[in-house]
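Listing of structure.csv; format and content: CSV, C-alpha atoms.
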chain,number,residue,atom,x,y,z
A,27,MET,CA,-27.0,-2.1,-6.1
A,28,ARG,CA,-26.5,-4.6,-3.2
A,29,LEU,CA,-23.7,-4.4,-0.6
A,30,ASP,CA,-22.4,-7.5,1.3
A,31,VAL,CA,-19.6,-7.4,4.0
A,32,ARG,CA,-17.5,-10.1,5.4
A,33,THR,CA,-14.5,-10.0,7.9
A,34,VAL,CA,-11.6,-12.4,7.5
A,35,ARG,CA,-8.3,-12.8,9.2
A,36,LEU,CA,-5.1,-12.6,7.2
A,37,ARG,CA,-2.1,-14.3,8.8
A,38,LEU,CA,1.5,-13.6,7.9
A,39,ALA,CA,3.8,-16.4,6.9
A,40,GLU,CA,6.4,-14.9,9.4
A,41,PRO,CA,6.1,-12.1,11.9
A,42,LEU,CA,7.1,-8.7,10.4
A,43,ARG,CA,9.0,-6.6,12.8
A,44,ILE,CA,9.4,-2.9,12.2
A,45,SER,CA,10.6,-0.1,14.5
A,46,ARG,CA,7.3,0.5,16.2
A,47,SER,CA,5.5,-2.9,16.1
A,48,VAL,CA,5.4,-6.6,15.1
A,49,THR,CA,2.6,-7.8,12.8
A,50,VAL,CA,1.5,-11.4,12.8
A,51,GLU,CA,-2.0,-11.1,11.5
A,52,ARG,CA,-4.5,-8.5,10.3
A,53,ASP,CA,-8.3,-8.4,10.0
A,54,ALA,CA,-9.6,-7.6,6.5
A,55,VAL,CA,-13.1,-6.5,5.7
A,56,ARG,CA,-14.2,-7.6,2.2
A,57,LEU,CA,-17.1,-5.8,0.6
A,58,THR,CA,-19.0,-6.9,-2.4
A,59,VAL,CA,-21.2,-4.7,-4.5
A,60,GLY,CA,-23.7,-6.5,-6.7
A,61,HIS,CA,-25.6,-5.1,-9.7
A,62,ASP,CA,-27.4,-6.8,-12.6
A,63,GLY,CA,-25.8,-10.2,-11.9
A,64,LEU,CA,-22.2,-8.8,-11.6
A,65,THR,CA,-20.2,-8.3,-8.5
A,66,GLY,CA,-17.3,-5.9,-7.6
A,67,HIS,CA,-15.0,-6.6,-4.7
A,68,GLY,CA,-12.9,-4.4,-2.4
A,69,GLU,CA,-10.9,-4.9,0.8
A,70,ALA,CA,-10.2,-2.6,3.8
A,71,VAL,CA,-7.6,-3.9,6.2
A,72,ALA,CA,-7.7,-3.0,9.9
A,73,SER,CA,-4.8,-0.9,11.1
A,74,GLY,CA,-4.0,0.2,14.6
A,75,TYR,CA,-1.5,2.8,13.4
A,76,LEU,CA,-4.2,4.3,11.1
A,77,ARG,CA,-6.8,4.0,13.9
A,78,LEU,CA,-9.0,1.9,11.8
A,79,PRO,CA,-10.3,-1.2,13.6
A,80,ALA,CA,-12.4,-3.7,11.8
A,81,ALA,CA,-15.4,-2.7,13.9
A,82,LEU,CA,-15.2,0.9,12.6
A,83,ILE,CA,-14.8,-0.4,9.0
A,84,ARG,CA,-18.0,-2.5,9.3
A,85,ARG,CA,-19.9,0.4,11.0
A,86,GLU,CA,-19.0,2.9,8.2
A,87,LEU,CA,-20.0,0.4,5.5
A,88,GLY,CA,-23.3,-0.2,7.3
A,89,GLU,CA,-24.0,3.5,7.3
A,90,LEU,CA,-23.1,3.7,3.6
A,91,ARG,CA,-25.3,0.8,2.6
A,92,PRO,CA,-28.6,2.7,2.2
A,93,THR,CA,-26.9,5.2,-0.1
A,94,LEU,CA,-25.1,2.5,-2.2
A,95,GLU,CA,-28.3,0.4,-2.5
A,96,ARG,CA,-30.4,3.3,-3.9
A,97,LEU,CA,-27.8,4.5,-6.5
A,98,PRO,CA,-28.6,3.1,-9.9
A,99,ASP,CA,-25.1,1.9,-11.0
A,100,PRO,CA,-21.4,1.9,-10.1
A,101,ASP,CA,-20.7,4.8,-12.5
A,102,GLN,CA,-23.0,7.1,-10.6
A,103,ALA,CA,-21.6,5.9,-7.3
A,104,LEU,CA,-18.1,6.6,-8.5
A,105,ALA,CA,-19.1,10.1,-9.6
A,106,GLU,CA,-20.6,10.9,-6.2
A,107,LEU,CA,-17.6,9.3,-4.3
A,108,ARG,CA,-15.1,11.4,-6.3
A,109,SER,CA,-17.1,14.6,-5.9
A,110,GLY,CA,-17.0,14.1,-2.2
A,111,THR,CA,-20.8,14.1,-1.6
A,112,ALA,CA,-22.2,12.7,1.7
A,113,PRO,CA,-22.0,10.1,3.0
A,114,PHE,CA,-18.8,9.2,1.0
A,115,LYS,CA,-16.9,12.2,2.4
A,116,GLU,CA,-17.5,11.0,6.0
A,117,LEU,CA,-15.7,7.6,5.3
A,118,SER,CA,-12.3,6.9,6.7
A,119,ALA,CA,-9.6,6.9,4.0
A,120,GLY,CA,-9.2,3.1,4.1
A,121,VAL,CA,-12.9,2.5,3.8
A,122,LEU,CA,-13.2,5.0,1.0
A,123,ALA,CA,-10.4,3.3,-0.9
A,124,ALA,CA,-12.0,-0.1,-0.6
A,125,VAL,CA,-15.5,1.2,-1.7
A,126,GLU,CA,-13.9,2.8,-4.7
A,127,ALA,CA,-12.0,-0.4,-5.5
A,128,ALA,CA,-15.2,-2.4,-5.4
A,129,LEU,CA,-17.0,0.1,-7.6
A,130,LEU,CA,-14.1,0.2,-10.1
A,131,ASP,CA,-14.1,-3.6,-10.2
A,132,LEU,CA,-17.9,-3.6,-10.9
A,133,ALA,CA,-17.7,-0.8,-13.5
A,134,GLY,CA,-14.9,-2.6,-15.3
A,135,LYS,CA,-16.8,-5.8,-15.4
A,136,ARG,CA,-19.9,-4.0,-16.8
A,137,ALA,CA,-17.7,-2.4,-19.5
A,138,GLY,CA,-15.7,-5.5,-20.2
A,139,GLU,CA,-12.5,-3.6,-19.5
A,140,PRO,CA,-9.7,-3.9,-16.9
A,141,VAL,CA,-9.4,-1.1,-14.5
A,142,HIS,CA,-6.2,0.3,-15.9
A,143,ARG,CA,-8.1,1.0,-19.2
A,144,LEU,CA,-10.8,2.8,-17.2
A,145,LEU,CA,-7.9,4.9,-15.8
A,146,GLY,CA,-6.5,5.8,-19.2
A,147,ARG,CA,-3.8,3.2,-19.7
A,148,PRO,CA,-4.6,0.9,-22.7
A,149,ALA,CA,-1.7,-1.5,-22.1
A,150,PRO,CA,-1.4,-3.9,-19.2
A,151,VAL,CA,0.8,-2.6,-16.3
A,152,ALA,CA,3.8,-4.5,-15.0
A,153,ALA,CA,6.4,-3.2,-12.5
A,154,ALA,CA,9.2,-4.5,-10.3
A,155,THR,CA,8.1,-4.4,-6.7
A,156,ALA,CA,10.2,-4.1,-3.6
A,157,ARG,CA,10.1,-7.0,-1.1
A,158,THR,CA,10.3,-6.1,2.6
A,159,ILE,CA,12.9,-7.6,4.9
A,160,GLY,CA,12.0,-6.8,8.5
A,161,ILE,CA,14.2,-6.1,11.5
A,162,GLU,CA,16.0,-9.4,11.6
A,163,PRO,CA,19.5,-10.5,12.7
A,164,PRO,CA,21.9,-10.1,9.8
A,165,ALA,CA,22.4,-13.8,9.0
A,166,ARG,CA,18.6,-14.3,8.8
A,167,ALA,CA,18.2,-11.2,6.7
A,168,ALA,CA,20.9,-12.4,4.3
A,169,GLY,CA,19.2,-15.7,3.9
A,170,GLN,CA,15.9,-14.0,3.0
A,171,ALA,CA,17.7,-11.7,0.6
A,172,ALA,CA,19.4,-14.6,-1.2
A,173,ARG,CA,16.1,-16.5,-1.6
A,174,LEU,CA,14.3,-13.4,-2.9
A,175,ALA,CA,17.0,-12.5,-5.4
A,176,ALA,CA,17.0,-16.1,-6.7
A,177,ALA,CA,13.2,-15.8,-7.1
A,178,GLY,CA,13.6,-12.8,-9.3
A,179,PHE,CA,13.4,-9.8,-6.9
A,180,THR,CA,15.5,-6.8,-8.0
A,181,VAL,CA,14.4,-4.4,-5.3
A,182,LEU,CA,14.6,-5.1,-1.6
A,183,LYS,CA,13.4,-2.9,1.2
A,184,VAL,CA,15.2,-3.3,4.5
A,185,LYS,CA,13.5,-2.2,7.7
A,186,ALA,CA,15.6,-0.2,10.2
A,187,GLY,CA,15.1,1.4,13.6
A,188,SER,CA,16.9,-1.0,15.9
A,189,VAL,CA,18.0,0.3,19.3
A,190,ASP,CA,21.6,0.2,18.1
A,191,PRO,CA,21.8,1.7,14.6
A,192,ALA,CA,24.9,-0.4,14.0
A,193,ASP,CA,22.6,-3.4,13.9
A,194,ASP,CA,20.7,-1.8,11.0
A,195,LEU,CA,23.9,-1.1,9.1
A,196,ALA,CA,25.0,-4.7,9.7
A,197,ARG,CA,21.7,-5.9,8.3
A,198,VAL,CA,22.0,-3.8,5.2
A,199,HIS,CA,25.6,-5.0,4.6
A,200,ALA,CA,24.4,-8.6,5.0
A,201,VAL,CA,21.6,-8.1,2.5
A,202,ARG,CA,23.9,-6.3,0.0
A,203,GLU,CA,26.4,-9.2,0.2
A,204,ALA,CA,23.7,-11.8,-0.3
A,205,ALA,CA,21.9,-10.0,-3.1
A,206,PRO,CA,24.6,-7.8,-4.8
A,207,GLY,CA,22.4,-7.1,-7.8
A,208,ALA,CA,19.4,-5.8,-5.9
A,209,ARG,CA,18.5,-2.2,-5.5
A,210,LEU,CA,18.1,-1.4,-1.8
A,211,LEU,CA,15.6,0.8,0.0
A,212,LEU,CA,15.7,1.6,3.7
A,213,ASP,CA,12.7,2.2,6.0
A,214,PRO,CA,13.2,3.2,9.7
A,215,ASN,CA,9.5,4.1,10.0
A,216,GLY,CA,10.3,7.4,11.7
A,217,ALA,CA,12.6,5.9,14.3
A,218,TRP,CA,15.5,8.4,14.1
A,219,THR,CA,15.9,12.0,15.1
A,220,GLY,CA,17.0,14.5,12.6
A,221,GLU,CA,20.5,14.6,14.0
A,222,LEU,CA,20.8,10.9,13.9
A,223,ALA,CA,19.5,10.8,10.3
A,224,HIS,CA,22.2,13.3,9.2
A,225,ARG,CA,24.9,11.1,10.8
A,226,LEU,CA,23.7,7.8,9.6
A,227,LEU,CA,22.5,8.4,6.0
A,228,PRO,CA,26.0,8.7,4.5
A,229,ALA,CA,26.9,5.3,5.9
A,230,PHE,CA,23.8,3.7,4.4
A,231,ALA,CA,24.4,5.4,1.1
A,232,ALA,CA,27.9,4.0,1.1
A,233,ALA,CA,26.4,0.6,1.8
A,234,GLY,CA,24.4,0.8,-1.4
A,235,VAL,CA,21.0,2.1,-0.2
A,236,GLU,CA,19.3,4.1,-3.0
A,237,ALA,CA,16.5,5.8,-1.0
A,238,VAL,CA,15.2,6.1,2.5
A,239,GLU,CA,11.6,6.3,3.7
A,240,GLN,CA,10.5,8.5,6.6
A,241,PRO,CA,13.8,8.5,8.5
A,242,ILE,CA,12.5,10.7,11.3
A,243,ALA,CA,9.3,10.8,13.4
A,244,PRO,CA,6.3,12.2,11.6
A,245,GLY,CA,4.7,15.5,12.6
A,246,ASP,CA,7.3,18.0,11.6
A,247,PRO,CA,7.5,18.3,7.8
A,248,ASP,CA,10.0,21.1,8.1
A,249,ALA,CA,12.4,18.8,9.9
A,250,LEU,CA,11.9,16.1,7.3
A,251,ALA,CA,12.5,18.7,4.5
A,252,ALA,CA,15.8,19.7,6.3
A,253,VAL,CA,16.9,16.0,6.3
A,254,ALA,CA,16.0,15.7,2.6
A,255,GLU,CA,18.0,18.8,1.8
A,256,ARG,CA,21.2,17.4,3.3
A,257,SER,CA,20.7,13.7,2.5
A,258,PRO,CA,23.0,11.9,0.1
A,259,ILE,CA,20.1,9.8,-1.1
A,260,PRO,CA,16.5,10.5,-1.9
A,261,VAL,CA,14.2,10.9,1.1
A,262,ILE,CA,10.6,9.7,0.7
A,263,ALA,CA,7.9,10.9,3.1
A,264,ASP,CA,5.5,8.1,4.3
A,265,GLU,CA,3.9,8.7,7.7
A,266,ASP,CA,4.2,12.5,7.0
A,267,ALA,CA,2.4,12.1,3.7
A,268,VAL,CA,-1.1,10.9,4.6
A,269,GLY,CA,-3.2,12.7,2.0
A,270,TYR,CA,-3.5,15.5,-0.5
A,271,GLU,CA,-2.7,18.4,1.8
A,272,ASP,CA,0.3,16.6,3.3
A,273,ALA,CA,1.7,15.8,-0.2
A,274,CYS,CA,1.2,19.4,-1.4
A,275,ARG,CA,2.9,20.7,1.8
A,276,LEU,CA,6.0,18.6,1.0
A,277,ALA,CA,6.0,19.2,-2.8
A,278,GLY,CA,9.5,20.2,-3.9
A,279,ARG,CA,10.9,19.7,-0.3
A,280,VAL,CA,11.3,15.9,-0.3
A,281,HIS,CA,12.3,13.6,-3.1
A,282,GLY,CA,9.2,11.4,-2.9
A,283,VAL,CA,5.9,10.7,-1.1
A,284,ASN,CA,4.8,7.2,-0.4
A,285,LEU,CA,1.1,6.9,-1.3
A,286,LYS,CA,-0.9,4.1,0.2
A,287,LEU,CA,-4.5,3.9,-1.0
A,288,ALA,CA,-5.7,3.0,2.4
A,289,LYS,CA,-3.9,6.1,3.8
A,290,CYS,CA,-4.8,8.7,1.2
A,291,GLY,CA,-8.3,7.6,0.2
A,292,GLY,CA,-8.0,5.6,-3.0
A,293,VAL,CA,-7.1,5.6,-6.7
A,294,HIS,CA,-8.7,9.0,-7.4
A,295,GLN,CA,-6.7,10.6,-4.7
A,296,VAL,CA,-3.4,9.2,-6.0
A,297,LEU,CA,-4.2,10.6,-9.4
A,298,ARG,CA,-5.1,14.0,-7.8
A,299,ILE,CA,-1.9,14.1,-5.8
A,300,ARG,CA,0.2,13.0,-8.8
A,301,ALA,CA,-1.2,15.9,-10.8
A,302,ALA,CA,-0.5,18.4,-8.0
A,303,LEU,CA,3.1,17.2,-7.7
A,304,ARG,CA,3.9,17.3,-11.4
A,305,GLY,CA,6.9,19.5,-12.0
A,306,SER,CA,7.7,19.9,-8.3
A,307,GLY,CA,10.6,17.4,-8.3
A,308,THR,CA,8.8,15.2,-5.8
A,309,GLU,CA,8.0,11.8,-7.2
A,310,LEU,CA,5.6,9.0,-6.2
A,311,MET,CA,6.1,5.8,-4.4
A,312,LEU,CA,3.2,3.4,-4.3
A,313,GLY,CA,3.1,1.5,-1.0
A,314,CYS,CA,0.7,-0.8,0.8
A,315,LEU,CA,-0.4,-2.4,4.0
A,316,VAL,CA,-0.3,-6.1,4.6
A,317,ALA,CA,-3.3,-7.2,2.5
A,318,SER,CA,-4.5,-9.8,0.1
A,319,SER,CA,-4.2,-9.6,-3.6
A,320,LEU,CA,-7.6,-8.0,-3.7
A,321,GLY,CA,-6.5,-5.2,-1.4
A,322,ILE,CA,-3.3,-4.7,-3.4
A,323,ALA,CA,-4.8,-4.9,-6.9
A,324,PRO,CA,-6.1,-1.3,-7.3
A,325,ALA,CA,-2.6,0.1,-6.7
A,326,VAL,CA,-1.1,-2.3,-9.3
A,327,HIS,CA,-3.3,-0.7,-11.9
A,328,LEU,CA,-1.5,2.6,-11.1
A,329,ALA,CA,2.0,1.2,-10.9
A,330,ASP,CA,3.4,2.8,-14.1
A,331,ARG,CA,2.7,6.2,-12.6
A,332,ALA,CA,5.3,5.9,-9.8
A,333,ARG,CA,9.1,5.8,-9.5
A,334,TRP,CA,9.2,3.4,-6.6
A,335,ILE,CA,6.8,0.4,-6.2
A,336,ASP,CA,6.4,-1.4,-2.9
A,337,LEU,CA,3.3,-3.6,-3.4
A,338,ASP,CA,4.3,-6.8,-1.6
A,339,GLY,CA,1.6,-7.0,1.2
A,340,HIS,CA,0.0,-10.1,-0.4
A,341,LEU,CA,3.4,-11.8,-0.6
A,342,LEU,CA,3.8,-11.7,3.2
A,343,LEU,CA,0.7,-13.9,3.8
A,344,ALA,CA,0.7,-17.5,4.8
A,345,HIS,CA,-2.3,-17.9,2.5
A,346,ASP,CA,-3.5,-15.3,0.0
A,347,PRO,CA,-7.3,-15.9,-0.5
A,348,TRP,CA,-7.1,-14.1,-3.9
A,349,GLN,CA,-4.8,-14.3,-6.9
A,350,GLY,CA,-4.1,-12.6,-10.2
A,351,ILE,CA,-1.6,-9.8,-9.7
A,352,GLY,CA,1.6,-12.0,-9.5
A,353,GLY,CA,4.5,-10.7,-7.5
A,354,ALA,CA,6.2,-13.9,-6.5
A,355,ASP,CA,8.8,-13.4,-9.1
A,356,GLY,CA,9.4,-9.8,-8.2
A,357,THR,CA,7.0,-8.3,-10.7
A,358,VAL,CA,3.4,-7.3,-10.1
A,359,ARG,CA,1.1,-7.2,-13.1
A,360,THR,CA,-2.4,-6.3,-14.1
A,361,PRO,CA,-4.3,-9.3,-15.4
A,362,ASP,CA,-6.0,-8.9,-18.8
A,363,ARG,CA,-9.4,-9.5,-17.3
A,364,ALA,CA,-12.3,-7.1,-16.7
A,365,GLY,CA,-12.3,-5.1,-13.5
A,366,LEU,CA,-9.5,-5.5,-11.0
A,367,GLY,CA,-8.7,-8.9,-12.5
A,368,VAL,CA,-8.3,-10.8,-9.3
A,369,LEU,CA,-10.0,-14.1,-8.6
A,370,PRO,CA,-10.5,-16.2,-5.5
A,371,ALA,CA,-7.6,-18.6,-5.0
A,372,PRO,CA,-8.5,-22.2,-5.7
A,373,ALA,CA,-7.5,-23.3,-2.2
A,374,ALA,CA,-9.3,-20.5,-0.5
A,375,ARG,CA,-11.4,-21.8,2.5
A,376,PRO,CA,-12.9,-20.0,5.5
A,377,LEU,CA,-10.1,-19.5,8.1
A,378,PRO,CA,-10.5,-19.9,11.8
A,379,GLY,CA,-12.0,-16.8,13.2
A,380,GLU,CA,-13.8,-15.8,10.0
A,381,ALA,CA,-17.0,-14.1,10.6
A,382,ARG,CA,-19.8,-12.4,8.7
As structure tokens:
Amino acid sequence: MRLDVRTVRLRLAEPLRISRSVTVERDAVRLTVGHDGLTGHGEAVASGYLRLPAALIRRELGELRPTLERLPDPDQALAELRSGTAPFKELSAGVLAAVEAALLDLAGKRAGEPVHRLLGRPAPVAAATARTIGIEPPARAAGQAARLAAAGFTVLKVKAGSVDPADDLARVHAVREAAPGARLLLDPNGAWTGELAHRLLPAFAAAGVEAVEQPIAPGDPDALAAVAERSPIPVIADEDAVGYEDACRLAGRVHGVNLKLAKCGGVHQVLRIRAALRGSGTELMLGCLVASSLGIAPAVHLADRARWIDLDGHLLLAHDPWQGIGGADGTVRTPDRAGLGVLPAPAARPLPGEAR
């Protein structure tokens, strides 16, 4: 097999403000694995929060290249990746997820099957996805909510964590009024203390919020479990649910865990965590980073396995260089094409700053 790597810059259509940062662009490292005239693609996005700069992604892929290029086919590579053999086990979670995605894409194309069938789902997958509204003034958030509802979105996720929590509540009320039929999720990204969460969550529940992600700072799962025990709405761990061990530690203690492939290590890890949580009362949310359709696609093939879906990272971009998973109407879908099913967008051109 052959491995090629390219770094591109993904720019957001509008800055996305959350409690800890503002995102305007993100580097994405695309990897292509070639074998017998076919190619499989994956994407790893750089993340300061996950301590995964683009340079580290490229270095890890460079170290993996000799192993990939001597393996006979993607099926053997997937078997070694999932069994945790070296050097796969040394990869960062985001790189491991991207390598697995490229191998799944290639394996699906070799078999003439979409990835969801390789994962045991014969029918195409479609799911309503949340669309994120950042920390914005209420009037601006209301305008976004109205446009999204008109486009077909039935789930909206409102970011919280303003200096004054009253601003967050005003934003939620504005979104609720502008999109009265939408289900609302709330995400403070760990901005609150446990005491503040206990005080605020009843007011947000009364405003129509159905669930909250990571209301308190990560690092104390017992404190998060205590918030969940008293919360009037489901509490979903995100920053406290990085991988398998974290999810198992929280099983039965929170209402959900938000699994991002770049955070937990890929499709096989999501399936492993899902099996471990079965019967615990803790359900799955599938989330994402800002990424192109290529980066989001692997999670879409798992979307029917989760209660909450938040796969809108590609919808935040000024230009998505890939297409095929939909989402602009509020629903993400797996294409009926072999592999991941995504294709380069017709207008895709090298962006300023693109480098090999």
For Ala243 in chain A: contacts at 12 Å, all atoms listed in the file, fewer than 2 positions along chain excluded, given as a PyMOL selection string: chain A and resi 45-46+187+213-223+239-241+245-250+253+263-267
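Relative to CA of Leu182 in chain A, CA of Gly207 in chain A is found at 10.2 Å.
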Within 9 Å of Pro370 in chain A using only C-alpha atoms, minus same-chain residues under 6 positions, as a PyMOL selection string: chain A and resi 320+346-350
Using all atoms listed in the file, which residue out of A:Arg143, A:His340, A:His281, A:Arg331 lies closest to Arg52 in chain A? A:His340
Could you name the residues that touch Val48 in chain A at 12 Å or less, counting all atoms listed in the file, but leaving out those on the same chain fewer than 3 positions away, as a PyMOL selection string? chain A and resi 38+40-45+51-52+74-75+160-162+185+316
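For the pair CA of Arg279 in chain A and CA of Ser306 in chain A, the separation is 8.6 Å.
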Which polymer residues have any atom within 12 Å of an atom of Ala153 in chain A, counting only C-alpha atoms, with same-chain residues fewer than 4 positions away left out, as a PDB file with C-alpha atoms, keeping the file's coordinate frame?
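Saved the output as part19.pdb:
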ATOM      1  CA  PHE A 179      13.400  -9.800  -6.900  1.00  0.00           C
ATOM      2  CA  THR A 180      15.500  -6.800  -8.000  1.00  0.00           C
ATOM      3  CA  VAL A 181      14.400  -4.400  -5.300  1.00  0.00           C
ATOM      4  CA  LEU A 312       3.200   3.400  -4.300  1.00  0.00           C
ATOM      5  CA  ALA A 325      -2.600   0.100  -6.700  1.00  0.00           C
ATOM      6  CA  VAL A 326      -1.100  -2.300  -9.300  1.00  0.00           C
ATOM      7  CA  HIS A 327      -3.300  -0.700 -11.900  1.00  0.00           C
ATOM      8  CA  LEU A 328      -1.500   2.600 -11.100  1.00  0.00           C
ATOM      9  CA  ALA A 329       2.000   1.200 -10.900  1.00  0.00           C
ATOM     10  CA  ASP A 330       3.400   2.800 -14.100  1.00  0.00           C
ATOM     11  CA  ARG A 331       2.700   6.200 -12.600  1.00  0.00           C
ATOM     12  CA  ALA A 332       5.300   5.900  -9.800  1.00  0.00           C
ATOM     13  CA  ARG A 333       9.100   5.800  -9.500  1.00  0.00           C
ATOM     14  CA  TRP A 334       9.200   3.400  -6.600  1.00  0.00           C
ATOM     15  CA  ILE A 335       6.800   0.400  -6.200  1.00  0.00           C
ATOM     16  CA  ASP A 336       6.400  -1.400  -2.900  1.00  0.00           C
ATOM     17  CA  LEU A 337       3.300  -3.600  -3.400  1.00  0.00           C
ATOM     18  CA  ASP A 338       4.300  -6.800  -1.600  1.00  0.00           C
ATOM     19  CA  ILE A 351      -1.600  -9.800  -9.700  1.00  0.00           C
ATOM     20  CA  GLY A 352       1.600 -12.000  -9.500  1.00  0.00           C
ATOM     21  CA  GLY A 353       4.500 -10.700  -7.500  1.00  0.00           C
ATOM     22  CA  ASP A 355       8.800 -13.400  -9.100  1.00  0.00           C
ATOM     23  CA  GLY A 356       9.400  -9.800  -8.200  1.00  0.00           C
ATOM     24  CA  THR A 357       7.000  -8.300 -10.700  1.00  0.00           C
ATOM     25  CA  VAL A 358       3.400  -7.300 -10.100  1.00  0.00           C
ATOM     26  CA  ARG A 359       1.100  -7.200 -13.100  1.00  0.00           C
ATOM     27  CA  THR A 360      -2.400  -6.300 -14.100  1.00  0.00           C
TER      28      THR A 360
END
May I ask for the distance between CA of Gly305 in chain A and CA of Leu107 in chain A, given in Å to one decimal place?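 Interatomic distance, CA of Gly305 in chain A to CA of Leu107 in chain A: 27.6 Å.
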A:Met27, A:Ala175, A:Ala167, A:Ala371 ranked by distance to Arg197 in chain A, top pick (using all atoms listed in the file): A:Ala167
When distances are computed from all atoms listed in the file, which of A:Gly292, A:Gly269, A:Pro98, A:Pro140 shows the smallest separation from Val368 in chain A?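 Going through A:Gly292, A:Gly269, A:Pro98, A:Pro140 one by one, the smallest distance to Val368 in chain A is for A:Pro140.
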Quick one: residues within 12 Å of Ala302 in chain A, only C-alpha atoms counted, chain neighbours fewer than 4 positions away excluded, as a ChimeraX atom specification? /A:269-278,295-298,306-310
For Ala39 in chain A, which of A:Arg56, A:His345, A:Arg84, A:His199 is the closest residue, counting all atoms listed in the file?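 Closest to Ala39 in chain A, using all atoms listed in the file: A:His345.
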Give as a ChimeraX atom specification each residue that has an atom at most 12 Å from (-26.1, 3.7, -3.2) in the file, counting only C-alpha atoms. /A:27-29,59-61,87-107,111-114,125,129
Between A:Val141, A:Val50, A:Leu341, A:Ala204, single out the one closest to Ala127 in chain A, counting all atoms listed in the file. A:Val141
Find the residue from A:Leu342, A:Ile262, A:Ala301, A:Ala128 that sits nearest to Ile159 in chain A; use all atoms listed in the file when measuring. A:Leu342
